[in-house]
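K.L.:
This is input_23.txt (compact mmCIF, C-alpha atoms).
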```txt
# COMPACT_ATOMS: atom_id res chain seq x y z
CA MET A 1 155.98 123.15 80.53
CA GLY A 2 154.90 126.23 82.43
CA GLU A 3 151.87 127.83 84.00
CA PRO A 4 150.93 131.45 83.30
CA THR A 5 152.28 133.75 85.98
CA GLY A 6 148.87 135.15 86.88
CA LEU A 7 150.33 138.62 86.38
CA GLY A 8 149.81 141.18 83.69
CA LEU A 9 152.63 142.63 81.62
CA ILE A 10 153.34 145.30 84.22
CA GLY A 11 153.62 142.79 87.03
CA ILE A 12 150.24 143.27 88.66
CA ALA A 13 147.10 141.19 88.58
CA ILE A 14 144.82 142.65 85.92
CA GLY A 15 141.91 140.34 86.61
CA ARG A 16 138.64 141.28 84.94
CA ASP A 17 140.01 144.56 83.57
CA GLU A 18 142.06 142.66 81.02
CA LEU A 19 140.05 143.63 77.93
CA GLY A 20 141.19 146.40 75.61
CA ALA A 21 141.65 147.44 71.99
CA HIS A 22 144.01 148.90 69.45
CA VAL A 23 143.25 152.63 69.52
CA SER A 24 144.19 155.51 67.28
CA ALA A 25 147.18 157.72 68.05
CA ALA A 26 145.95 160.42 65.63
CA GLY A 27 147.05 163.86 66.77
CA GLY A 28 149.78 162.36 68.96
CA VAL A 29 150.34 159.26 71.06
CA GLN A 30 149.25 161.21 74.13
CA ASN A 31 145.66 161.04 72.82
CA ALA A 32 145.50 157.23 72.90
CA PRO A 33 144.82 156.75 76.65
CA GLY A 34 141.76 158.98 76.49
CA ARG A 35 140.41 157.03 73.53
CA ALA A 36 140.82 153.78 75.45
CA ALA A 37 139.01 155.27 78.44
CA VAL A 38 136.07 156.33 76.26
CA ILE A 39 135.42 152.67 75.34
CA GLY A 40 135.81 151.56 78.96
CA CYS A 41 139.28 150.00 78.76
CA VAL A 42 142.39 150.10 80.90
CA CYS A 43 144.45 148.16 78.32
CA LEU A 44 145.46 149.56 74.95
CA GLN A 45 147.64 149.06 71.90
CA LEU A 46 148.77 151.76 69.48
CA PHE A 47 151.20 152.59 66.70
CA THR A 48 154.06 154.91 67.64
CA LYS A 49 154.53 155.81 63.96
CA GLN A 50 152.71 155.43 60.66
CA PRO A 51 152.94 151.66 60.16
CA SER A 52 153.25 151.74 56.37
CA ARG A 53 156.15 154.24 56.22
CA TRP A 54 159.84 153.91 56.97
CA ALA A 55 160.08 157.40 58.49
CA GLU A 56 161.32 157.15 62.08
CA PRO A 57 159.88 159.79 64.42
CA VAL A 58 161.58 160.49 67.72
CA ILE A 59 159.60 160.70 70.95
CA ASP A 60 160.72 163.88 72.68
CA ASP A 61 160.55 164.45 76.42
CA ALA A 62 157.40 166.57 76.19
CA THR A 63 155.51 163.92 74.23
CA ALA A 64 156.65 161.15 76.56
CA SER A 65 155.60 163.17 79.60
CA ALA A 66 152.21 163.96 78.05
CA PHE A 67 151.59 160.29 77.28
CA ARG A 68 152.58 159.16 80.76
CA ALA A 69 150.36 161.81 82.33
CA ALA A 70 147.39 160.80 80.16
CA ARG A 71 147.98 157.15 81.00
CA GLU A 72 147.89 157.93 84.71
CA GLU A 73 144.86 160.21 84.36
CA HIS A 74 142.82 157.55 82.60
CA GLY A 75 144.02 154.62 84.69
CA ILE A 76 145.62 152.71 81.82
CA ARG A 77 147.23 149.66 83.39
CA VAL A 78 148.68 147.99 80.28
CA ALA A 79 149.84 149.83 77.16
CA GLY A 80 151.85 148.59 74.21
CA ALA A 81 152.69 149.17 70.58
CA HIS A 82 152.53 147.19 67.37
CA ASP A 83 155.52 147.57 65.08
CA SER A 84 155.58 148.70 61.45
CA TYR A 85 154.10 146.52 58.72
CA LEU A 86 157.25 147.09 56.62
CA ILE A 87 159.64 145.40 59.03
CA ASN A 88 160.96 142.00 57.92
CA LEU A 89 163.48 140.64 60.40
CA ALA A 90 163.56 137.30 58.54
CA SER A 91 164.46 138.74 55.16
CA PRO A 92 167.31 137.06 53.20
CA ASP A 93 167.90 140.42 51.49
CA ARG A 94 170.68 141.88 53.64
CA THR A 95 169.81 145.48 52.76
CA LEU A 96 166.16 145.04 53.75
CA TRP A 97 167.15 143.07 56.85
CA LYS A 98 169.44 145.89 58.04
CA ARG A 99 166.80 148.52 57.35
CA SER A 100 164.20 146.42 59.16
CA SER A 101 166.53 145.92 62.10
CA ARG A 102 167.11 149.67 62.42
CA CYS A 103 163.37 150.30 62.16
CA PHE A 104 162.57 147.73 64.83
CA GLU A 105 165.20 149.20 67.10
CA GLY A 106 163.44 152.55 66.62
CA GLU A 107 160.14 150.93 67.60
CA LEU A 108 161.72 149.65 70.78
CA LEU A 109 163.35 153.01 71.55
CA ARG A 110 160.03 154.84 71.25
CA SER A 111 158.26 152.22 73.33
CA VAL A 112 160.83 152.47 76.12
CA ALA A 113 160.65 156.28 76.01
CA LEU A 114 156.87 156.12 76.45
CA GLY A 115 157.11 153.54 79.22
CA LEU A 116 155.15 150.97 77.21
CA ASP A 117 154.85 147.44 78.51
CA PHE A 118 155.35 145.68 75.19
CA VAL A 119 155.97 146.03 71.48
CA ILE A 120 154.48 143.37 69.21
CA THR A 121 156.32 142.17 66.13
CA HIS A 122 155.43 139.83 63.28
CA PRO A 123 158.32 137.39 62.72
CA GLY A 124 158.64 138.32 59.04
CA ASN A 125 158.92 136.53 55.72
CA ALA A 126 161.55 134.06 54.53
CA THR A 127 161.10 135.04 50.90
CA ASP A 128 163.69 132.50 49.79
CA GLY A 129 161.68 129.67 51.37
CA ASP A 130 164.42 128.85 53.88
CA TYR A 131 162.45 129.05 57.12
CA ASP A 132 165.24 127.89 59.40
CA SER A 133 167.54 130.67 58.18
CA GLY A 134 164.70 133.18 58.49
CA ILE A 135 164.13 132.14 62.09
CA ALA A 136 167.85 132.57 62.81
CA ARG A 137 167.89 136.01 61.18
CA ASN A 138 164.90 137.09 63.26
CA ALA A 139 166.58 135.96 66.47
CA GLU A 140 169.77 137.81 65.49
CA ALA A 141 167.89 141.06 64.87
CA LEU A 142 165.91 140.79 68.10
CA THR A 143 169.08 140.09 70.07
CA ARG A 144 170.76 143.22 68.69
CA ALA A 145 167.73 145.41 69.38
CA LEU A 146 167.28 144.14 72.93
CA GLU A 147 170.96 144.58 73.70
CA ASN A 148 171.04 148.08 72.22
CA VAL A 149 167.80 149.24 73.89
CA PRO A 150 167.73 148.16 77.54
CA GLY A 151 164.63 148.63 79.62
CA PRO A 152 161.55 146.79 80.87
CA THR A 153 159.57 146.92 77.60
CA ALA A 154 158.89 143.37 76.42
CA VAL A 155 158.98 142.13 72.84
CA LEU A 156 156.08 139.86 71.91
CA LEU A 157 156.28 137.57 68.89
CA GLU A 158 152.90 137.37 67.21
CA LEU A 159 151.59 134.09 65.84
CA THR A 160 150.91 134.67 62.14
CA ALA A 161 148.30 133.36 59.71
CA GLY A 162 150.91 131.70 57.48
CA THR A 163 150.25 133.67 54.31
CA GLY A 164 152.91 133.19 51.64
CA THR A 165 156.38 132.70 53.12
CA SER A 166 155.61 134.21 56.50
CA ILE A 167 157.36 132.83 59.56
CA GLY A 168 155.49 132.35 62.80
CA ALA A 169 152.40 130.39 61.76
CA SER A 170 153.43 127.47 63.95
CA PHE A 171 154.30 127.21 67.60
CA GLU A 172 157.53 125.55 66.49
CA HIS A 173 158.58 128.64 64.52
CA LEU A 174 158.08 130.88 67.54
CA ALA A 175 159.90 128.40 69.78
CA GLY A 176 162.79 128.44 67.31
CA ILE A 177 163.13 132.22 67.55
CA LEU A 178 162.97 132.09 71.34
CA ALA A 179 165.62 129.38 71.42
CA GLY A 180 167.91 131.59 69.34
CA LEU A 181 167.99 134.38 71.93
CA PRO A 182 170.62 134.61 74.67
CA GLY A 183 169.31 133.36 78.01
CA ALA A 184 169.76 136.74 79.67
CA LEU A 185 167.26 138.29 77.26
CA ALA A 186 164.62 135.58 77.67
CA PRO A 187 162.55 137.43 80.32
CA ARG A 188 161.93 140.30 77.87
CA VAL A 189 160.46 138.14 75.11
CA GLY A 190 157.08 136.43 75.00
CA VAL A 191 154.29 135.47 72.62
CA CYS A 192 151.06 137.09 71.45
CA VAL A 193 148.38 134.73 70.10
CA ASP A 194 145.94 136.25 67.64
CA THR A 195 142.81 134.09 67.47
CA CYS A 196 142.22 134.85 63.77
CA HIS A 197 145.83 134.02 62.92
CA ALA A 198 145.77 130.82 64.96
CA TRP A 199 142.60 129.71 63.18
CA ALA A 200 143.99 130.59 59.75
CA ALA A 201 147.18 128.66 60.57
CA GLY A 202 145.15 125.54 61.38
CA TYR A 203 144.82 125.65 65.17
CA ASP A 204 141.21 124.67 65.83
CA LEU A 205 140.21 126.88 68.73
CA ALA A 206 136.55 126.01 68.16
CA ALA A 207 136.63 122.20 68.28
CA ASP A 208 139.92 121.55 70.10
CA TRP A 209 140.44 124.39 72.56
CA ASP A 210 142.19 122.27 75.18
CA GLY A 211 144.29 120.43 72.63
CA VAL A 212 145.64 123.66 71.15
CA TRP A 213 146.82 124.86 74.55
CA VAL A 214 148.36 121.50 75.46
CA ARG A 215 150.39 121.78 72.27
CA PHE A 216 151.32 125.40 72.99
CA ASP A 217 152.52 124.42 76.44
CA ASP A 218 154.50 121.48 75.11
CA VAL A 219 156.24 123.51 72.39
CA ILE A 220 156.59 127.00 73.90
CA GLY A 221 155.31 126.96 77.48
CA LEU A 222 152.24 128.77 78.79
CA ASP A 223 154.49 131.04 80.83
CA ARG A 224 155.54 132.67 77.54
CA LEU A 225 151.96 133.64 76.63
CA ARG A 226 151.72 137.36 77.45
CA LEU A 227 148.92 138.74 75.24
CA PHE A 228 145.90 137.84 73.13
CA HIS A 229 144.61 139.59 70.05
CA LEU A 230 140.93 138.70 69.88
CA ASN A 231 139.62 138.63 66.33
CA ASP A 232 137.16 136.44 64.46
CA SER A 233 138.04 135.30 60.93
CA LYS A 234 136.37 135.87 57.58
CA HIS A 235 137.85 132.62 56.30
CA PRO A 236 137.76 128.93 57.28
CA LEU A 237 140.14 126.92 59.44
CA GLY A 238 143.58 126.55 57.85
CA SER A 239 142.88 129.12 55.12
CA ARG A 240 146.22 130.92 55.70
CA ARG A 241 144.32 134.17 55.14
CA ASP A 242 144.50 137.04 57.61
CA ARG A 243 141.12 138.75 57.43
CA HIS A 244 139.64 139.87 60.73
CA GLU A 245 135.91 139.84 61.49
CA HIS A 246 133.78 141.07 64.38
CA LEU A 247 133.67 138.61 67.26
CA GLY A 248 131.11 135.83 66.90
CA GLN A 249 130.31 136.87 63.32
CA GLY A 250 132.98 134.88 61.51
CA ALA A 251 134.26 131.35 61.05
CA LEU A 252 135.38 130.93 64.68
CA GLY A 253 131.90 131.59 66.02
CA VAL A 254 131.10 132.29 69.64
CA GLU A 255 132.62 129.39 71.56
CA PRO A 256 136.37 130.25 71.38
CA PHE A 257 135.66 133.70 72.76
CA ARG A 258 133.51 132.27 75.53
CA ARG A 259 136.36 129.96 76.41
CA VAL A 260 139.08 132.62 76.42
CA VAL A 261 137.26 135.01 78.77
CA ASN A 262 136.35 132.19 81.17
CA ASP A 263 139.57 130.15 81.15
CA GLU A 264 141.18 130.85 84.53
CA ARG A 265 144.64 130.17 83.13
CA PHE A 266 144.26 133.31 81.03
CA ALA A 267 142.32 135.55 83.43
CA ASP A 268 145.18 138.02 83.90
CA ILE A 269 146.51 138.01 80.34
CA PRO A 270 145.53 141.18 78.45
CA LYS A 271 143.12 140.62 75.55
CA LEU A 272 143.01 143.30 72.88
CA LEU A 273 140.64 143.79 69.96
CA GLU A 274 141.92 144.31 66.43
CA THR A 275 138.45 143.93 64.92
CA PRO A 276 137.28 146.07 61.96
CA LYS A 277 136.80 149.73 62.80
CA GLN A 278 134.74 150.62 59.71
CA GLU A 279 133.30 154.13 59.75
CA ASP A 280 132.75 154.28 63.52
CA PRO A 281 135.60 152.87 65.64
CA LEU A 282 134.00 153.74 68.97
CA THR A 283 130.70 152.00 68.22
CA TYR A 284 132.30 148.83 66.87
CA ASP A 285 134.88 148.54 69.64
CA VAL A 286 132.17 148.92 72.27
CA MET A 287 130.05 146.33 70.45
CA ASN A 288 132.86 143.76 70.50
CA LEU A 289 133.82 144.51 74.10
CA ASP A 290 130.19 144.17 75.21
CA PHE A 291 130.07 140.84 73.36
CA LEU A 292 133.07 139.56 75.33
CA ARG A 293 131.79 140.82 78.67
CA GLY A 294 128.44 139.17 78.00
CA LEU A 295 130.15 135.78 77.62
CA ARG A 296 131.65 135.75 81.09
CA GLY A 297 130.28 133.13 83.41
```
Now, as a test, write the supplied structure out as structure tokens.
P.N.:
Amino acid sequence: MGEPTGLGLIGIAIGRDELGAHVSAAGGVQNAPGRAAVIGCVCLQLFTKQPSRWAEPVIDDATASAFRAAREEHGIRVAGAHDSYLINLASPDRTLWKRSSRCFEGELLRSVALGLDFVITHPGNATDGDYDSGIARNAEALTRALENVPGPTAVLLELTAGTGTSIGASFEHLAGILAGLPGALAPRVGVCVDTCHAWAAGYDLAADWDGVWVRFDDVIGLDRLRLFHLNDSKHPLGSRRDRHEHLGQGALGVEPFRRVVNDERFADIPKLLETPKQEDPLTYDVMNLDFLRGLRG
């Protein structure tokens, strides 16, 4: 359907600086760029709030200015946020859906205030088992948020592992959400593929790399692919279990990661780690980044 644009999320070629990681925003979001720089990255992801709480902080002008200054100081070329774990934009419970919609709108407001390039969202859970209605509810919530919060910040739908009643474990689910958005909003919405989630959902990135991307292109279009989360999996193909492992040490093995960092179609698409931090985030992030860099041809 479509070729990748060859541009990063901020409209410039990222090239071989496309690797990054989710970094801590402890002490304030303005500290995140420096933490990314310490591990040798110019791409980062962060939380703009505590992800397991409903409390909605507001980004004031001083915080936004401090973050933007730190981003410039450390040469961060791509920066984005992941939304709260509590948000469920597919919920059939109208009270939870409204609360989730308000919370997501807050995520987008903070991301725009900080000048972030994207905010990632999980499509949610259709707890009544009605996936089509859940997809429609997600599209409705995203439409409202995007209309209420204008700006360049993109929303990226993350492919999920398919645990329980979660939406988004198939390319068709994501395509359904995209199809439910007004055409004018389409440029602001893309897809994030998490390698662990794809594997757990049954997409065999190890044995059928090319086949997976042919299917993605047929159903969604490669032009919609804006971001990778690079994670190995603790569980086998099709397990529907979302448990991340260090790269090359899990069920995916080495080959999918070799392919992703050498596939020219994806050279300019940011690739961020969400691998286990354990007791020493810096050491483990550097270990996984060195692993990826060592696979480049």
K.L.:
From the options A:Asp217, A:Glu140, A:Glu72, A:Glu158, which residue's atoms come nearest to Pro182 in chain A, counting all atoms listed in the file?
P.N.:
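Ranked by minimum distance to Pro182 in chain A, first place goes to A:Glu140.
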K.L.:
When distances are computed from only C-alpha atoms, which of A:Leu247, A:Cys192, A:Leu205, A:Leu157 shows the smallest separation from Ile269 in chain A?
P.N.:
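For Ile269 in chain A, the nearest of the candidates is A:Cys192.
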K.L.:
If you measure from CA of Ala21 in chain A to CA of Ser239 in chain A, what distance in Å do you get, rounded to one decimal?
P.N.:
24.9 Å
K.L.:
I need the residue nearest Arg226 in chain A from this list: A:Pro276, A:Pro51, A:Pro270, A:Gly134. Use only C-alpha atoms for the distance.
P.N.:
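Ranking A:Pro276, A:Pro51, A:Pro270, A:Gly134 by distance to Arg226 in chain A, first place goes to A:Pro270.
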K.L.:
To one decimal place, how far is CA of Ala145 in chain A from CA of Ala184 in chain A in Å?
P.N.:
13.6 Å
K.L.:
Taking all atoms listed in the file into account, name the residue in A:Arg35, A:Glu18, A:Asp83, A:Val112 that is nearest to Gln50 in chain A.
P.N.:
A:Asp83
K.L.:
With all atoms listed in the file as the counted atoms, please give the residues lying no more than 10 Å from Asp204 in chain A, apart from itself and same-chain residues fewer than 4 positions off, as a ChimeraX atom specification.
P.N.:
/A:195,198-200,208-212,237-238,252,256
K.L.:
Using all atoms listed in the file, which of A:Cys43, A:Cys196, A:Leu114, A:Ala126 sits nearest Ile167 in chain A?
P.N.:
A:Ala126
K.L.:
So which one's closest to His197 in chain A, A:Phe291, A:Phe171, A:Trp97, A:Tyr284? Using only C-alpha atoms, please.
P.N.:
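Smallest separation from His197 in chain A among the options: A:Phe171.
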K.L.:
State, in Å with one decimal place, the distance from CA of His22 in chain A to CA of Gln45 in chain A.
P.N.:
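Result for CA of His22 in chain A versus CA of Gln45 in chain A: 4.4 Å, one decimal.
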K.L.:
Give as a compact mmCIF listing (two decimals) with C-alpha atoms, keeping the file's coordinate frame the set of residues within 10 Å of the point (159.2, 159.2, 62.9), where distances use the file's coordinates and all atoms listed in the file.
P.N.:
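And here's out.txt as it stands now:
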```txt
# COMPACT_ATOMS: atom_id res chain seq x y z
CA THR A 48 154.06 154.91 67.64
CA LYS A 49 154.53 155.81 63.96
CA GLN A 50 152.71 155.43 60.66
CA ARG A 53 156.15 154.24 56.22
CA TRP A 54 159.84 153.91 56.97
CA ALA A 55 160.08 157.40 58.49
CA GLU A 56 161.32 157.15 62.08
CA PRO A 57 159.88 159.79 64.42
CA VAL A 58 161.58 160.49 67.72
CA ILE A 59 159.60 160.70 70.95
CA CYS A 103 163.37 150.30 62.16
CA GLY A 106 163.44 152.55 66.62
CA GLU A 107 160.14 150.93 67.60
CA ARG A 110 160.03 154.84 71.25
```
K.L.:
Residues within 12 Å of Gly164 in chain A, please, as number ranges by chain. Count all atoms listed in the file; anything in the same chain fewer than 6 positions from it doesn't count.
P.N.:
A: 124-129, 131, 201, 239-242
K.L.:
Pick out the residues sitting within 12 Å of Glu172 in chain A, and hand them over as a compact mmCIF listing (two decimals) with C-alpha atoms, in the frame of the given file; count all atoms listed in the file, and ignore anything fewer than 5 positions along from it in its own chain.
P.N.:
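Final output, around.txt:
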```txt
# COMPACT_ATOMS: atom_id res chain seq x y z
CA TYR A 131 162.45 129.05 57.12
CA ASP A 132 165.24 127.89 59.40
CA ILE A 135 164.13 132.14 62.09
CA LEU A 159 151.59 134.09 65.84
CA ILE A 167 157.36 132.83 59.56
CA ILE A 177 163.13 132.22 67.55
CA LEU A 178 162.97 132.09 71.34
CA ALA A 179 165.62 129.38 71.42
CA ARG A 215 150.39 121.78 72.27
CA PHE A 216 151.32 125.40 72.99
CA ASP A 217 152.52 124.42 76.44
CA ASP A 218 154.50 121.48 75.11
CA VAL A 219 156.24 123.51 72.39
CA ILE A 220 156.59 127.00 73.90
CA GLY A 221 155.31 126.96 77.48
```
K.L.:
May I have the residues at most 12 Å from (150.4, 164.3, 67.2) in the file's coordinates, counting all atoms listed in the file, as an NGL selection string?
P.N.:
:A and (24-32 or 47-50 or 57-60 or 62-64 or 66-67)
K.L.:
Set the distance at 9 Å and use only C-alpha atoms: which residues neighbour range 116-122 of chain A once local chain neighbours fewer than 6 positions away are removed? I'd like the list as a PyMOL selection string.
P.N.:
chain A and resi 9-10+45+78-85+87-89+104+107-108+110+152-160+166-168+188+191-192
K.L.:
Determine, counting only C-alpha atoms, which protein, DNA and RNA residues have an atom within 10 Å of an atom of Leu282 in chain A; residues of the same chain fewer than 6 positions away are not included. Present the result as a list in words.
P.N.:
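The residues satisfying every condition are Val23, Arg35, Ala36, Val38 and Ile39 of chain A.
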K.L.:
Kindly output range 97-129 of chain A as an mmCIF file, in the coordinates of the input, after building N, CA and C atoms.
P.N.:
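Saved as result_32.cif:
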```
data_model
loop_
_atom_site.group_PDB
_atom_site.id
_atom_site.type_symbol
_atom_site.label_atom_id
_atom_site.label_comp_id
_atom_site.auth_asym_id
_atom_site.auth_seq_id
_atom_site.Cartn_x
_atom_site.Cartn_y
_atom_site.Cartn_z
ATOM 1 N N TRP A 97 167.015 143.546 55.468
ATOM 2 C CA TRP A 97 167.150 143.070 56.850
ATOM 3 C C TRP A 97 167.764 144.151 57.742
ATOM 4 N N LYS A 98 168.801 144.838 57.248
ATOM 5 C CA LYS A 98 169.440 145.890 58.040
ATOM 6 C C LYS A 98 168.485 147.064 58.254
ATOM 7 N N ARG A 99 167.755 147.423 57.212
ATOM 8 C CA ARG A 99 166.800 148.520 57.350
ATOM 9 C C ARG A 99 165.694 148.140 58.342
ATOM 10 N N SER A 100 165.228 146.904 58.241
ATOM 11 C CA SER A 100 164.200 146.420 59.160
ATOM 12 C C SER A 100 164.710 146.393 60.589
ATOM 13 N N SER A 101 165.950 145.986 60.763
ATOM 14 C CA SER A 101 166.530 145.920 62.100
ATOM 15 C C SER A 101 166.623 147.305 62.721
ATOM 16 N N ARG A 102 167.045 148.292 61.916
ATOM 17 C CA ARG A 102 167.110 149.670 62.420
ATOM 18 C C ARG A 102 165.704 150.176 62.776
ATOM 19 N N CYS A 103 164.739 149.857 61.925
ATOM 20 C CA CYS A 103 163.370 150.300 62.160
ATOM 21 C C CYS A 103 162.806 149.660 63.427
ATOM 22 N N PHE A 104 163.066 148.382 63.624
ATOM 23 C CA PHE A 104 162.570 147.730 64.830
ATOM 24 C C PHE A 104 163.232 148.307 66.071
ATOM 25 N N GLU A 105 164.515 148.596 65.967
ATOM 26 C CA GLU A 105 165.200 149.200 67.100
ATOM 27 C C GLU A 105 164.552 150.554 67.435
ATOM 28 N N GLY A 106 164.149 151.299 66.399
ATOM 29 C CA GLY A 106 163.440 152.550 66.620
ATOM 30 C C GLY A 106 162.110 152.333 67.320
ATOM 31 N N GLU A 107 161.404 151.264 66.927
ATOM 32 C CA GLU A 107 160.140 150.930 67.600
ATOM 33 C C GLU A 107 160.372 150.691 69.091
ATOM 34 N N LEU A 108 161.424 149.973 69.385
ATOM 35 C CA LEU A 108 161.720 149.650 70.780
ATOM 36 C C LEU A 108 162.154 150.903 71.554
ATOM 37 N N LEU A 109 162.932 151.768 70.905
ATOM 38 C CA LEU A 109 163.350 153.010 71.550
ATOM 39 C C LEU A 109 162.150 153.879 71.916
ATOM 40 N N ARG A 110 161.210 154.027 70.973
ATOM 41 C CA ARG A 110 160.030 154.840 71.250
ATOM 42 C C ARG A 110 159.175 154.214 72.349
ATOM 43 N N SER A 111 159.066 152.906 72.324
ATOM 44 C CA SER A 111 158.260 152.220 73.330
ATOM 45 C C SER A 111 158.855 152.367 74.723
ATOM 46 N N VAL A 112 160.167 152.267 74.827
ATOM 47 C CA VAL A 112 160.830 152.470 76.120
ATOM 48 C C VAL A 112 160.661 153.909 76.576
ATOM 49 N N ALA A 113 160.794 154.869 75.646
ATOM 50 C CA ALA A 113 160.650 156.280 76.010
ATOM 51 C C ALA A 113 159.258 156.572 76.556
ATOM 52 N N LEU A 114 158.240 155.912 76.012
ATOM 53 C CA LEU A 114 156.870 156.120 76.450
ATOM 54 C C LEU A 114 156.514 155.307 77.695
ATOM 55 N N GLY A 115 157.397 154.403 78.087
ATOM 56 C CA GLY A 115 157.110 153.540 79.220
ATOM 57 C C GLY A 115 156.116 152.447 78.880
ATOM 58 N N LEU A 116 156.090 152.012 77.609
ATOM 59 C CA LEU A 116 155.150 150.970 77.210
ATOM 60 C C LEU A 116 155.584 149.615 77.756
ATOM 61 N N ASP A 117 154.593 148.758 77.936
ATOM 62 C CA ASP A 117 154.850 147.440 78.510
ATOM 63 C C ASP A 117 155.323 146.434 77.482
ATOM 64 N N PHE A 118 154.964 146.647 76.225
ATOM 65 C CA PHE A 118 155.350 145.680 75.190
ATOM 66 C C PHE A 118 155.361 146.345 73.825
ATOM 67 N N VAL A 119 156.081 145.729 72.904
ATOM 68 C CA VAL A 119 155.970 146.030 71.480
ATOM 69 C C VAL A 119 155.813 144.692 70.768
ATOM 70 N N ILE A 120 154.792 144.598 69.931
ATOM 71 C CA ILE A 120 154.480 143.370 69.210
ATOM 72 C C ILE A 120 155.141 143.403 67.842
ATOM 73 N N THR A 121 155.691 142.271 67.432
ATOM 74 C CA THR A 121 156.320 142.170 66.130
ATOM 75 C C THR A 121 155.896 140.898 65.421
ATOM 76 N N HIS A 122 155.645 141.020 64.107
ATOM 77 C CA HIS A 122 155.430 139.830 63.280
ATOM 78 C C HIS A 122 156.806 139.266 62.912
ATOM 79 N N PRO A 123 156.987 137.954 62.954
ATOM 80 C CA PRO A 123 158.320 137.390 62.720
ATOM 81 C C PRO A 123 158.900 137.613 61.328
ATOM 82 N N GLY A 124 158.094 137.996 60.347
ATOM 83 C CA GLY A 124 158.640 138.320 59.040
ATOM 84 C C GLY A 124 158.455 137.219 58.004
ATOM 85 N N ASN A 125 159.058 137.440 56.849
ATOM 86 C CA ASN A 125 158.920 136.530 55.720
ATOM 87 C C ASN A 125 160.268 136.011 55.243
ATOM 88 N N ALA A 126 160.367 134.692 55.117
ATOM 89 C CA ALA A 126 161.550 134.060 54.530
ATOM 90 C C ALA A 126 161.289 133.932 53.040
ATOM 91 N N THR A 127 161.507 134.994 52.303
ATOM 92 C CA THR A 127 161.100 135.040 50.900
ATOM 93 C C THR A 127 161.870 134.069 50.013
ATOM 94 N N ASP A 128 162.952 133.518 50.536
ATOM 95 C CA ASP A 128 163.690 132.500 49.790
ATOM 96 C C ASP A 128 163.200 131.091 50.109
ATOM 97 N N GLY A 129 162.218 130.981 51.007
ATOM 98 C CA GLY A 129 161.680 129.670 51.370
ATOM 99 C C GLY A 129 162.480 128.924 52.411
#
```
